[in-house]
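Novice: Below you'll find the structure I mean.
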Number of protein chains: 2
Amino acid sequence: MKKQLRRSNCPINFGLEAFGDTWSLLIIRDIVYFGKKTYGDFLRSDERIATNILANRLAQLERHGILVKTPHPIDRRKEVYTLTEKGIDLIPILVEMANWGAKYDPDTGAPQEWIALVNSDKENMIRLIQDTVREGGSVFVGPNSVIDRLAQRE
Amino acid sequence: MKKQLRRSNCPINFGLEAFGDTWSLLIIRDIVYFGKKTYGDFLRSDERIATNILANRLAQLERHGILVKTPHPIDRRKEVYTLTEKGIDLIPILVEMANWGAKYDPDTGAPQEWIALVNSDKENMIRLIQDTVREGGSVFVGPNSVIDRLAQRE
DNA sequence: CCGGATCCGTTTCGATACTG
DNA sequence: CAGTATCGAAACGGATCCGG
């Protein structure tokens, strides 16, 4: 019983089969913007993803080399999900999406001040976000978040 | 019977309910890169979208103000779908997606020469693409395509 | 408690056939 | 050419259960 074709392998498909799904994108957003790391973190996020869907998407993202799962260093019960370099390279897309969302859907978009900040020096801000995520940080949440780093520079 | 919630209105949802769907994205890609404009054009594209899905997505994109449908100026049987400014503002996202896809999925990605060209002067190239699409052109196909314009500059 | 796996009723998707 | 109608397949949401 061969699996039915849902999406074709067309040129310029943007690698959609890897991340072109709502839930996957929201997981990545949770990691990048809010520093979420564990199954429980993702479950507790606002969009109330079902447990089976979450497990499925995490496995899928791992299979595609966008996430890696490692045992939690302290709490042995937990697993920690982090972005690979392939995942970190999605950040420019997230940034452009956030721009678009903030412009056309301000209610559910990122804060306008943040958007303005990013666009004032986009290349460097993207690099800063990427470096922060590489070191386990996030944009808004946690010590050494991007917004903290920017505040310290002044 | 209240409709079940599928996607939450979370902050920074990227305006996903408007375009965060595979087929919608491929329609927009067809317009931007290949200059497709009519229902038939989209149907004939490589990914073989089903007729009902195509009709559904076109209507959805129109509802979200990303596309507009206008009667074909000459052939009265056809309708022409074009991007609004809201739709044209998706182009930076497409460009970043194309970058990522070309890097991690070269087989189905855009030509590497094109990717290199875009990144050599990203801001201006995006503006050029957007202007071209505004005037009814596309990146690769048709008279006054982006690649033609770039060739003429030399 | 934490990270899932499994089952089930409902919703959505998608391939094909068909119509104005 | 530009869509509807139909209907089986897949995805989803919710609840529950289970091993560590």
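Going through the structure tokens in order, the chains are called A, B, and so on, while each chain numbers its residues from 1 and the ligands are numbered from 1 in the order shown.
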Over all C-alpha pairs taken in sequence order, what does chain B look like after a least-squares fit onto chain A? Please give it as a short mmCIF file (atom, residue, chain, number, x, y, z; two decimals) with N, CA and C atoms, in the first residue's frame.

Specialist:
data_model
loop_
_atom_site.label_atom_id
_atom_site.label_comp_id
_atom_site.auth_asym_id
_atom_site.auth_seq_id
_atom_site.Cartn_x
_atom_site.Cartn_y
_atom_site.Cartn_z
N MET B 1 -0.10 -1.42 -1.94
CA MET B 1 -0.85 -0.17 -1.84
C MET B 1 0.13 1.00 -1.74
N LYS B 2 0.38 1.61 -2.85
CA LYS B 2 1.38 2.67 -2.79
C LYS B 2 0.80 3.93 -2.15
N LYS B 3 1.63 4.55 -1.41
CA LYS B 3 1.21 5.77 -0.72
C LYS B 3 0.84 6.84 -1.75
N GLN B 4 -0.23 7.49 -1.49
CA GLN B 4 -0.65 8.51 -2.45
C GLN B 4 0.20 9.76 -2.36
N LEU B 5 0.41 10.33 -3.51
CA LEU B 5 1.20 11.55 -3.56
C LEU B 5 0.41 12.72 -3.04
N ARG B 6 0.95 13.41 -2.10
CA ARG B 6 0.26 14.59 -1.58
C ARG B 6 0.92 15.87 -2.03
N ARG B 7 2.20 15.86 -2.04
CA ARG B 7 2.93 17.04 -2.46
C ARG B 7 3.97 16.62 -3.46
N SER B 8 4.06 17.32 -4.51
CA SER B 8 5.02 16.89 -5.53
C SER B 8 6.41 17.37 -5.18
N ASN B 9 7.36 16.73 -5.81
CA ASN B 9 8.74 17.22 -5.72
C ASN B 9 8.95 18.22 -6.82
N CYS B 10 8.42 19.39 -6.65
CA CYS B 10 8.54 20.37 -7.70
C CYS B 10 9.77 21.23 -7.44
N PRO B 11 10.30 21.85 -8.46
CA PRO B 11 11.41 22.77 -8.23
C PRO B 11 10.90 23.93 -7.37
N ILE B 12 11.77 24.43 -6.57
CA ILE B 12 11.42 25.54 -5.69
C ILE B 12 10.21 25.20 -4.85
N ASN B 13 10.29 24.10 -4.14
CA ASN B 13 9.19 23.81 -3.24
C ASN B 13 9.51 24.29 -1.83
N PHE B 14 10.63 25.00 -1.71
CA PHE B 14 10.98 25.63 -0.44
C PHE B 14 11.29 24.61 0.65
N GLY B 15 11.51 23.35 0.28
CA GLY B 15 11.72 22.35 1.32
C GLY B 15 10.53 22.21 2.23
N LEU B 16 9.37 22.40 1.64
CA LEU B 16 8.15 22.45 2.45
C LEU B 16 7.88 21.19 3.23
N GLU B 17 8.26 20.05 2.69
CA GLU B 17 7.91 18.84 3.42
C GLU B 17 8.62 18.76 4.77
N ALA B 18 9.64 19.57 4.92
CA ALA B 18 10.38 19.54 6.18
C ALA B 18 9.75 20.42 7.26
N PHE B 19 9.27 21.57 6.88
CA PHE B 19 8.76 22.46 7.94
C PHE B 19 7.48 23.18 7.53
N GLY B 20 6.93 22.87 6.36
CA GLY B 20 5.82 23.65 5.84
C GLY B 20 4.49 23.30 6.47
N ASP B 21 4.47 23.22 7.76
CA ASP B 21 3.28 22.82 8.47
C ASP B 21 3.13 23.74 9.68
N THR B 22 1.92 24.10 9.93
CA THR B 22 1.63 25.07 10.97
C THR B 22 2.30 24.72 12.30
N TRP B 23 2.06 23.51 12.74
CA TRP B 23 2.54 23.16 14.09
C TRP B 23 4.05 23.14 14.17
N SER B 24 4.68 22.63 13.12
CA SER B 24 6.14 22.61 13.12
C SER B 24 6.68 24.02 13.27
N LEU B 25 6.08 24.91 12.53
CA LEU B 25 6.53 26.29 12.56
C LEU B 25 6.33 26.89 13.95
N LEU B 26 5.23 26.56 14.59
CA LEU B 26 4.98 27.10 15.92
C LEU B 26 5.94 26.53 16.95
N ILE B 27 6.33 25.29 16.78
CA ILE B 27 7.33 24.71 17.67
C ILE B 27 8.64 25.48 17.53
N ILE B 28 9.02 25.71 16.30
CA ILE B 28 10.27 26.42 16.06
C ILE B 28 10.19 27.85 16.60
N ARG B 29 9.06 28.47 16.41
CA ARG B 29 8.85 29.80 17.00
C ARG B 29 9.00 29.76 18.51
N ASP B 30 8.43 28.75 19.15
CA ASP B 30 8.53 28.65 20.59
C ASP B 30 9.97 28.54 21.05
N ILE B 31 10.76 27.82 20.29
CA ILE B 31 12.17 27.69 20.64
C ILE B 31 12.89 29.02 20.45
N VAL B 32 12.70 29.62 19.30
CA VAL B 32 13.47 30.81 18.94
C VAL B 32 13.06 32.02 19.77
N TYR B 33 11.76 32.23 19.90
CA TYR B 33 11.31 33.45 20.56
C TYR B 33 11.16 33.28 22.06
N PHE B 34 10.73 32.10 22.48
CA PHE B 34 10.39 31.95 23.90
C PHE B 34 11.26 30.95 24.65
N GLY B 35 12.26 30.42 23.98
CA GLY B 35 13.21 29.57 24.68
C GLY B 35 12.65 28.26 25.21
N LYS B 36 11.58 27.77 24.62
CA LYS B 36 11.04 26.48 25.07
C LYS B 36 11.91 25.35 24.58
N LYS B 37 11.94 24.30 25.37
CA LYS B 37 12.92 23.26 25.07
C LYS B 37 12.39 21.84 25.24
N THR B 38 11.41 21.65 26.10
CA THR B 38 10.96 20.29 26.39
C THR B 38 9.53 20.07 25.90
N TYR B 39 9.20 18.80 25.77
CA TYR B 39 7.84 18.39 25.40
C TYR B 39 6.81 19.14 26.23
N GLY B 40 7.02 19.20 27.50
CA GLY B 40 6.10 19.90 28.38
C GLY B 40 6.01 21.38 28.08
N ASP B 41 7.15 21.99 27.81
CA ASP B 41 7.16 23.41 27.44
C ASP B 41 6.25 23.66 26.24
N PHE B 42 6.42 22.85 25.23
CA PHE B 42 5.64 23.06 24.00
C PHE B 42 4.15 22.82 24.27
N LEU B 43 3.87 21.79 25.05
CA LEU B 43 2.47 21.48 25.37
C LEU B 43 1.80 22.65 26.06
N ARG B 44 2.54 23.30 26.94
CA ARG B 44 1.95 24.37 27.73
C ARG B 44 1.80 25.68 26.96
N SER B 45 2.23 25.70 25.73
CA SER B 45 2.16 26.98 25.03
C SER B 45 0.74 27.29 24.60
N ASP B 46 0.53 28.55 24.26
CA ASP B 46 -0.83 29.05 24.08
C ASP B 46 -1.66 28.31 23.04
N GLU B 47 -1.02 27.75 22.05
CA GLU B 47 -1.84 27.21 20.97
C GLU B 47 -2.39 25.82 21.26
N ARG B 48 -2.06 25.27 22.44
CA ARG B 48 -2.69 24.04 22.90
C ARG B 48 -2.65 22.94 21.86
N ILE B 49 -1.47 22.58 21.50
CA ILE B 49 -1.28 21.48 20.56
C ILE B 49 -1.64 20.16 21.26
N ALA B 50 -2.24 19.27 20.54
CA ALA B 50 -2.59 17.96 21.11
C ALA B 50 -1.32 17.13 21.30
N THR B 51 -1.37 16.26 22.29
CA THR B 51 -0.15 15.52 22.65
C THR B 51 0.36 14.66 21.51
N ASN B 52 -0.56 14.02 20.82
CA ASN B 52 -0.10 13.15 19.73
C ASN B 52 0.48 13.93 18.57
N ILE B 53 -0.12 15.08 18.29
CA ILE B 53 0.38 15.92 17.21
C ILE B 53 1.77 16.43 17.56
N LEU B 54 1.92 16.85 18.81
CA LEU B 54 3.23 17.34 19.23
C LEU B 54 4.29 16.26 19.08
N ALA B 55 3.98 15.07 19.57
CA ALA B 55 4.94 13.97 19.47
C ALA B 55 5.28 13.70 18.01
N ASN B 56 4.24 13.70 17.19
CA ASN B 56 4.44 13.45 15.77
C ASN B 56 5.33 14.50 15.13
N ARG B 57 5.06 15.78 15.41
CA ARG B 57 5.84 16.83 14.78
C ARG B 57 7.27 16.87 15.28
N LEU B 58 7.46 16.60 16.57
CA LEU B 58 8.82 16.59 17.10
C LEU B 58 9.62 15.49 16.41
N ALA B 59 9.00 14.33 16.26
CA ALA B 59 9.69 13.22 15.60
C ALA B 59 10.02 13.58 14.15
N GLN B 60 9.06 14.20 13.50
CA GLN B 60 9.22 14.58 12.10
C GLN B 60 10.37 15.60 11.94
N LEU B 61 10.37 16.59 12.82
CA LEU B 61 11.41 17.62 12.74
C LEU B 61 12.78 17.01 13.04
N GLU B 62 12.79 16.03 13.91
CA GLU B 62 14.04 15.36 14.20
C GLU B 62 14.50 14.55 12.98
N ARG B 63 13.57 13.86 12.38
CA ARG B 63 13.90 13.08 11.17
C ARG B 63 14.46 13.97 10.08
N HIS B 64 13.93 15.17 9.97
CA HIS B 64 14.40 16.08 8.93
C HIS B 64 15.66 16.84 9.33
N GLY B 65 16.17 16.54 10.51
CA GLY B 65 17.43 17.16 10.90
C GLY B 65 17.31 18.60 11.31
N ILE B 66 16.11 19.00 11.72
CA ILE B 66 15.92 20.38 12.14
C ILE B 66 16.04 20.50 13.65
N LEU B 67 15.64 19.45 14.34
CA LEU B 67 15.79 19.39 15.79
C LEU B 67 16.65 18.20 16.17
N VAL B 68 17.28 18.31 17.33
CA VAL B 68 17.87 17.12 17.95
C VAL B 68 17.34 16.99 19.37
N LYS B 69 17.18 15.75 19.78
CA LYS B 69 16.69 15.46 21.13
C LYS B 69 17.84 14.93 21.97
N THR B 70 18.07 15.53 23.10
CA THR B 70 19.13 15.05 24.00
C THR B 70 18.58 14.97 25.41
N PRO B 71 19.12 14.06 26.21
CA PRO B 71 18.64 13.97 27.59
C PRO B 71 18.94 15.25 28.35
N HIS B 72 18.04 15.63 29.20
CA HIS B 72 18.24 16.81 30.04
C HIS B 72 19.44 16.57 30.95
N PRO B 73 20.35 17.52 31.03
CA PRO B 73 21.59 17.33 31.79
C PRO B 73 21.33 17.07 33.27
N ILE B 74 20.32 17.67 33.83
CA ILE B 74 20.08 17.53 35.26
C ILE B 74 18.87 16.64 35.52
N ASP B 75 17.73 17.05 35.02
CA ASP B 75 16.49 16.31 35.25
C ASP B 75 16.41 15.12 34.29
N ARG B 76 16.70 13.94 34.80
CA ARG B 76 16.81 12.77 33.95
C ARG B 76 15.49 12.37 33.30
N ARG B 77 14.39 12.91 33.80
CA ARG B 77 13.09 12.55 33.23
C ARG B 77 12.84 13.26 31.91
N LYS B 78 13.53 14.37 31.70
CA LYS B 78 13.20 15.20 30.55
C LYS B 78 14.13 14.98 29.37
N GLU B 79 13.57 15.35 28.23
CA GLU B 79 14.39 15.43 27.03
C GLU B 79 14.43 16.88 26.60
N VAL B 80 15.54 17.28 26.04
CA VAL B 80 15.68 18.66 25.58
C VAL B 80 15.76 18.68 24.05
N TYR B 81 14.91 19.49 23.47
CA TYR B 81 14.92 19.64 22.00
C TYR B 81 15.62 20.94 21.65
N THR B 82 16.60 20.84 20.79
CA THR B 82 17.28 22.05 20.34
C THR B 82 17.40 22.07 18.83
N LEU B 83 17.53 23.28 18.29
CA LEU B 83 17.66 23.44 16.85
C LEU B 83 19.05 23.05 16.38
N THR B 84 19.11 22.37 15.27
CA THR B 84 20.38 22.14 14.59
C THR B 84 20.73 23.39 13.79
N GLU B 85 21.86 23.36 13.12
CA GLU B 85 22.20 24.48 12.24
C GLU B 85 21.16 24.62 11.13
N LYS B 86 20.68 23.50 10.67
CA LYS B 86 19.61 23.53 9.64
C LYS B 86 18.38 24.24 10.17
N GLY B 87 18.09 23.98 11.44
CA GLY B 87 16.95 24.66 12.05
C GLY B 87 17.22 26.14 12.28
N ILE B 88 18.43 26.44 12.72
CA ILE B 88 18.79 27.84 12.97
C ILE B 88 18.75 28.64 11.67
N ASP B 89 19.00 27.97 10.57
CA ASP B 89 18.93 28.65 9.27
C ASP B 89 17.50 28.98 8.85
N LEU B 90 16.53 28.52 9.61
CA LEU B 90 15.14 28.92 9.33
C LEU B 90 14.83 30.30 9.89
N ILE B 91 15.69 30.81 10.74
CA ILE B 91 15.39 32.07 11.41
C ILE B 91 15.14 33.25 10.46
N PRO B 92 15.91 33.38 9.39
CA PRO B 92 15.58 34.47 8.47
C PRO B 92 14.14 34.38 7.95
N ILE B 93 13.67 33.18 7.72
CA ILE B 93 12.29 33.01 7.27
C ILE B 93 11.33 33.48 8.36
N LEU B 94 11.59 33.06 9.59
CA LEU B 94 10.73 33.48 10.70
C LEU B 94 10.68 34.99 10.81
N VAL B 95 11.82 35.61 10.64
CA VAL B 95 11.87 37.08 10.76
C VAL B 95 11.02 37.73 9.69
N GLU B 96 11.13 37.26 8.47
CA GLU B 96 10.31 37.84 7.40
C GLU B 96 8.83 37.57 7.63
N MET B 97 8.53 36.40 8.15
CA MET B 97 7.14 36.10 8.47
C MET B 97 6.61 37.03 9.56
N ALA B 98 7.45 37.25 10.55
CA ALA B 98 7.04 38.14 11.63
C ALA B 98 6.78 39.55 11.10
N ASN B 99 7.62 39.99 10.17
CA ASN B 99 7.41 41.29 9.53
C ASN B 99 6.05 41.36 8.86
N TRP B 100 5.78 40.34 8.08
CA TRP B 100 4.52 40.33 7.32
C TRP B 100 3.33 40.26 8.28
N GLY B 101 3.44 39.38 9.24
CA GLY B 101 2.34 39.23 10.20
C GLY B 101 2.08 40.51 10.98
N ALA B 102 3.16 41.20 11.35
CA ALA B 102 2.99 42.43 12.12
C ALA B 102 2.34 43.51 11.28
N LYS B 103 2.62 43.49 9.98
CA LYS B 103 2.07 44.51 9.10
C LYS B 103 0.58 44.28 8.83
N TYR B 104 0.23 43.02 8.62
CA TYR B 104 -1.13 42.75 8.14
C TYR B 104 -2.03 42.10 9.20
N ASP B 105 -1.47 41.74 10.30
CA ASP B 105 -2.26 41.13 11.34
C ASP B 105 -1.71 41.55 12.70
N PRO B 106 -1.76 42.86 12.96
CA PRO B 106 -1.09 43.42 14.11
C PRO B 106 -1.55 42.79 15.44
N ASP B 107 -2.78 42.34 15.48
CA ASP B 107 -3.30 41.80 16.73
C ASP B 107 -2.54 40.56 17.19
N THR B 108 -2.20 39.72 16.26
CA THR B 108 -1.53 38.48 16.65
C THR B 108 -0.05 38.50 16.26
N GLY B 109 0.42 39.67 15.86
CA GLY B 109 1.80 39.75 15.43
C GLY B 109 2.76 40.07 16.58
N ALA B 110 4.00 40.14 16.23
CA ALA B 110 5.02 40.50 17.22
C ALA B 110 4.88 41.99 17.55
N PRO B 111 5.41 42.41 18.71
CA PRO B 111 5.35 43.83 19.08
C PRO B 111 6.00 44.71 18.02
N GLN B 112 5.37 45.83 17.74
CA GLN B 112 5.88 46.70 16.69
C GLN B 112 7.29 47.22 16.98
N GLU B 113 7.57 47.44 18.27
CA GLU B 113 8.92 47.95 18.60
C GLU B 113 9.98 46.94 18.22
N TRP B 114 9.65 45.68 18.47
CA TRP B 114 10.60 44.62 18.11
C TRP B 114 10.80 44.57 16.60
N ILE B 115 9.71 44.65 15.87
CA ILE B 115 9.79 44.63 14.41
C ILE B 115 10.66 45.77 13.90
N ALA B 116 10.43 46.95 14.46
CA ALA B 116 11.21 48.11 14.02
C ALA B 116 12.68 47.91 14.32
N LEU B 117 12.95 47.37 15.50
CA LEU B 117 14.32 47.12 15.91
C LEU B 117 15.03 46.17 14.96
N VAL B 118 14.37 45.09 14.64
CA VAL B 118 14.96 44.11 13.74
C VAL B 118 15.26 44.73 12.39
N ASN B 119 14.31 45.50 11.87
CA ASN B 119 14.49 46.03 10.52
C ASN B 119 15.45 47.19 10.45
N SER B 120 15.78 47.75 11.60
CA SER B 120 16.74 48.84 11.57
C SER B 120 18.14 48.34 11.20
N ASP B 121 18.38 47.06 11.42
CA ASP B 121 19.69 46.50 11.07
C ASP B 121 19.52 45.00 10.90
N LYS B 122 18.78 44.65 9.87
CA LYS B 122 18.29 43.28 9.76
C LYS B 122 19.37 42.21 9.77
N GLU B 123 20.37 42.39 8.93
CA GLU B 123 21.40 41.36 8.80
C GLU B 123 22.04 41.04 10.15
N ASN B 124 22.43 42.09 10.83
CA ASN B 124 23.10 41.88 12.11
C ASN B 124 22.15 41.35 13.18
N MET B 125 20.91 41.80 13.15
CA MET B 125 19.95 41.30 14.12
C MET B 125 19.68 39.81 13.92
N ILE B 126 19.61 39.41 12.68
CA ILE B 126 19.42 37.98 12.41
C ILE B 126 20.61 37.19 12.94
N ARG B 127 21.79 37.71 12.68
CA ARG B 127 22.97 37.01 13.20
C ARG B 127 22.95 36.94 14.72
N LEU B 128 22.53 38.03 15.35
CA LEU B 128 22.47 38.05 16.81
C LEU B 128 21.47 37.01 17.33
N ILE B 129 20.33 36.96 16.68
CA ILE B 129 19.33 35.96 17.09
C ILE B 129 19.89 34.56 16.93
N GLN B 130 20.51 34.33 15.80
CA GLN B 130 21.05 32.99 15.54
C GLN B 130 22.12 32.61 16.56
N ASP B 131 23.01 33.55 16.85
CA ASP B 131 24.05 33.26 17.84
C ASP B 131 23.44 32.98 19.21
N THR B 132 22.44 33.78 19.55
CA THR B 132 21.79 33.60 20.85
C THR B 132 21.16 32.21 20.96
N VAL B 133 20.47 31.82 19.90
CA VAL B 133 19.83 30.49 19.92
C VAL B 133 20.88 29.38 19.97
N ARG B 134 21.96 29.57 19.25
CA ARG B 134 23.05 28.59 19.31
C ARG B 134 23.54 28.37 20.73
N GLU B 135 23.54 29.45 21.50
CA GLU B 135 24.03 29.35 22.88
C GLU B 135 22.91 28.98 23.85
N GLY B 136 21.77 28.59 23.31
CA GLY B 136 20.69 28.13 24.18
C GLY B 136 19.73 29.21 24.63
N GLY B 137 19.93 30.42 24.15
CA GLY B 137 19.05 31.52 24.52
C GLY B 137 17.88 31.66 23.56
N SER B 138 17.09 32.71 23.79
CA SER B 138 15.96 32.97 22.90
C SER B 138 15.81 34.48 22.71
N VAL B 139 14.84 34.87 21.93
CA VAL B 139 14.66 36.29 21.65
C VAL B 139 14.13 37.04 22.87
N PHE B 140 13.06 36.53 23.44
CA PHE B 140 12.37 37.29 24.48
C PHE B 140 12.56 36.78 25.90
N VAL B 141 12.80 35.49 26.05
CA VAL B 141 12.71 34.89 27.37
C VAL B 141 14.04 34.35 27.85
N GLY B 142 14.26 34.47 29.15
CA GLY B 142 15.43 33.85 29.75
C GLY B 142 16.59 34.80 29.89
N PRO B 143 17.58 34.39 30.67
CA PRO B 143 18.79 35.19 30.80
C PRO B 143 19.51 35.16 29.47
N ASN B 144 20.21 36.21 29.16
CA ASN B 144 20.91 36.27 27.88
C ASN B 144 19.99 36.21 26.69
N SER B 145 18.76 36.66 26.86
CA SER B 145 17.88 36.75 25.70
C SER B 145 18.39 37.87 24.79
N VAL B 146 17.90 37.88 23.57
CA VAL B 146 18.32 38.92 22.63
C VAL B 146 17.98 40.31 23.16
N ILE B 147 16.79 40.45 23.72
CA ILE B 147 16.42 41.79 24.19
C ILE B 147 17.28 42.22 25.39
N ASP B 148 17.68 41.26 26.21
CA ASP B 148 18.61 41.61 27.30
C ASP B 148 19.96 42.05 26.75
N ARG B 149 20.44 41.31 25.80
CA ARG B 149 21.75 41.64 25.23
C ARG B 149 21.74 43.03 24.62
N LEU B 150 20.64 43.34 23.94
CA LEU B 150 20.55 44.65 23.31
C LEU B 150 20.49 45.75 24.36
N ALA B 151 19.78 45.48 25.46
CA ALA B 151 19.68 46.48 26.52
C ALA B 151 21.04 46.75 27.15
N GLN B 152 21.82 45.70 27.30
CA GLN B 152 23.13 45.85 27.93
C GLN B 152 24.11 46.66 27.08
N ARG B 153 23.86 46.66 25.80
CA ARG B 153 24.80 47.37 24.91
C ARG B 153 24.76 48.87 25.11
N GLU B 154 23.64 49.34 25.60
CA GLU B 154 23.50 50.80 25.66
C GLU B 154 24.43 51.43 26.69
#

Novice: I'd like to know which residues of range 9-44 of chain B are alpha helix (DSSP H) (by DSSP, run on the backbone); could you write them as a count of residues only?

Specialist: 22

Novice: Write out as a ChimeraX atom specification all residues of range 57-88 of chain A that DSSP puts in strand (DSSP E) for this structure's backbone.

Specialist: /A:67-71,79-83

Novice: Output the selection as a PDB file, in the first residue's frame - C-alpha atoms for each residue.

Specialist:
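Result went into part-v9.pdb, see below:
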ATOM      1  CA  LEU A  67      15.771  19.399  15.708  1.00  0.00           C
ATOM      2  CA  VAL A  68      17.855  17.121  17.877  1.00  0.00           C
ATOM      3  CA  LYS A  69      16.703  15.458  21.055  1.00  0.00           C
ATOM      4  CA  THR A  70      19.112  15.081  23.957  1.00  0.00           C
ATOM      5  CA  PRO A  71      18.589  13.960  27.553  1.00  0.00           C
ATOM      6  CA  GLU A  79      14.328  15.396  26.957  1.00  0.00           C
ATOM      7  CA  VAL A  80      15.625  18.640  25.519  1.00  0.00           C
ATOM      8  CA  TYR A  81      14.909  19.635  21.949  1.00  0.00           C
ATOM      9  CA  THR A  82      17.259  22.061  20.274  1.00  0.00           C
ATOM     10  CA  LEU A  83      17.626  23.442  16.774  1.00  0.00           C
TER      11      LEU A  83
END

Novice: Hey, list the chain C side of the contact with chain B: 9 Å cut-off, only C-alpha atoms (C1' of nucleotides), answer as a PyMOL selection string.

Specialist: chain C and resi 11+13-15

Novice: Show me a table, sorted first by chain and then by increasing residue number, of the residues of chain D having an atom at most 8 Å from chain A, each with its shortest atom pair and the distance in Å to one decimal, counting only C-alpha atoms (C1' of nucleotides) and written as a tab-separated table.

Specialist:
residue	atom	partner	partner_atom	distance
D:DC12	C1'	A:Ile53	CA	7.9
D:DG13	C1'	A:Ala50	CA	6.4
D:DG14	C1'	A:Ala50	CA	7.7
D:DG20	C1'	A:Arg77	CA	7.6

Novice: With N, CA, C and O atoms (P, O5', C5', C4', C3', O3' and C1' of nucleotides) retained, export the selected residues as a compact mmCIF listing (two decimals), in the first residue's frame.

Specialist:
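Listed below is the output, result.txt:
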# COMPACT_ATOMS: atom_id res chain seq x y z
P DC D 12 -2.53 17.46 10.96
O5' DC D 12 -3.72 17.55 12.00
C5' DC D 12 -4.91 18.26 11.59
C4' DC D 12 -5.96 18.11 12.64
C3' DC D 12 -5.50 18.37 14.08
O3' DC D 12 -6.20 19.48 14.58
C1' DC D 12 -6.91 16.47 13.93
P DG D 13 -5.82 20.15 15.94
O5' DG D 13 -6.85 19.52 16.98
C5' DG D 13 -8.23 19.68 16.75
C4' DG D 13 -8.99 19.07 17.91
C3' DG D 13 -8.36 19.34 19.27
O3' DG D 13 -9.41 19.70 20.16
C1' DG D 13 -8.52 17.00 18.91
P DG D 14 -9.20 19.94 21.66
O5' DG D 14 -9.57 18.53 22.31
C5' DG D 14 -10.80 17.90 21.96
C4' DG D 14 -10.95 16.65 22.79
C3' DG D 14 -10.38 16.77 24.21
O3' DG D 14 -11.37 16.35 25.14
C1' DG D 14 -9.50 14.86 23.11
P DG D 20 10.03 0.72 31.59
O5' DG D 20 10.42 2.16 32.13
C5' DG D 20 10.99 3.12 31.22
C4' DG D 20 11.24 4.42 31.96
C3' DG D 20 12.11 4.27 33.22
O3' DG D 20 13.11 5.28 33.22
C1' DG D 20 10.14 5.44 33.75

Novice: One decimal, Å: what's the distance from C1' of DC7 in chain D over to C1' of DT19 in chain C, could you say?

Specialist: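 Interatomic distance, C1' of DC7 in chain D to C1' of DT19 in chain C: 17.8 Å.
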
Novice: C1' of DG4 in chain C and C1' of DT16 in chain D, how far apart in Å?

Specialist: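 It comes out at 12.5 Å.
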
Novice: If you count only C-alpha atoms (C1' of nucleotides), which residues fall within 12 Å of DG20 in chain C, apart from same-chain ones fewer than 3 positions away, as a PyMOL selection string?

Specialist: chain D and resi 1-4
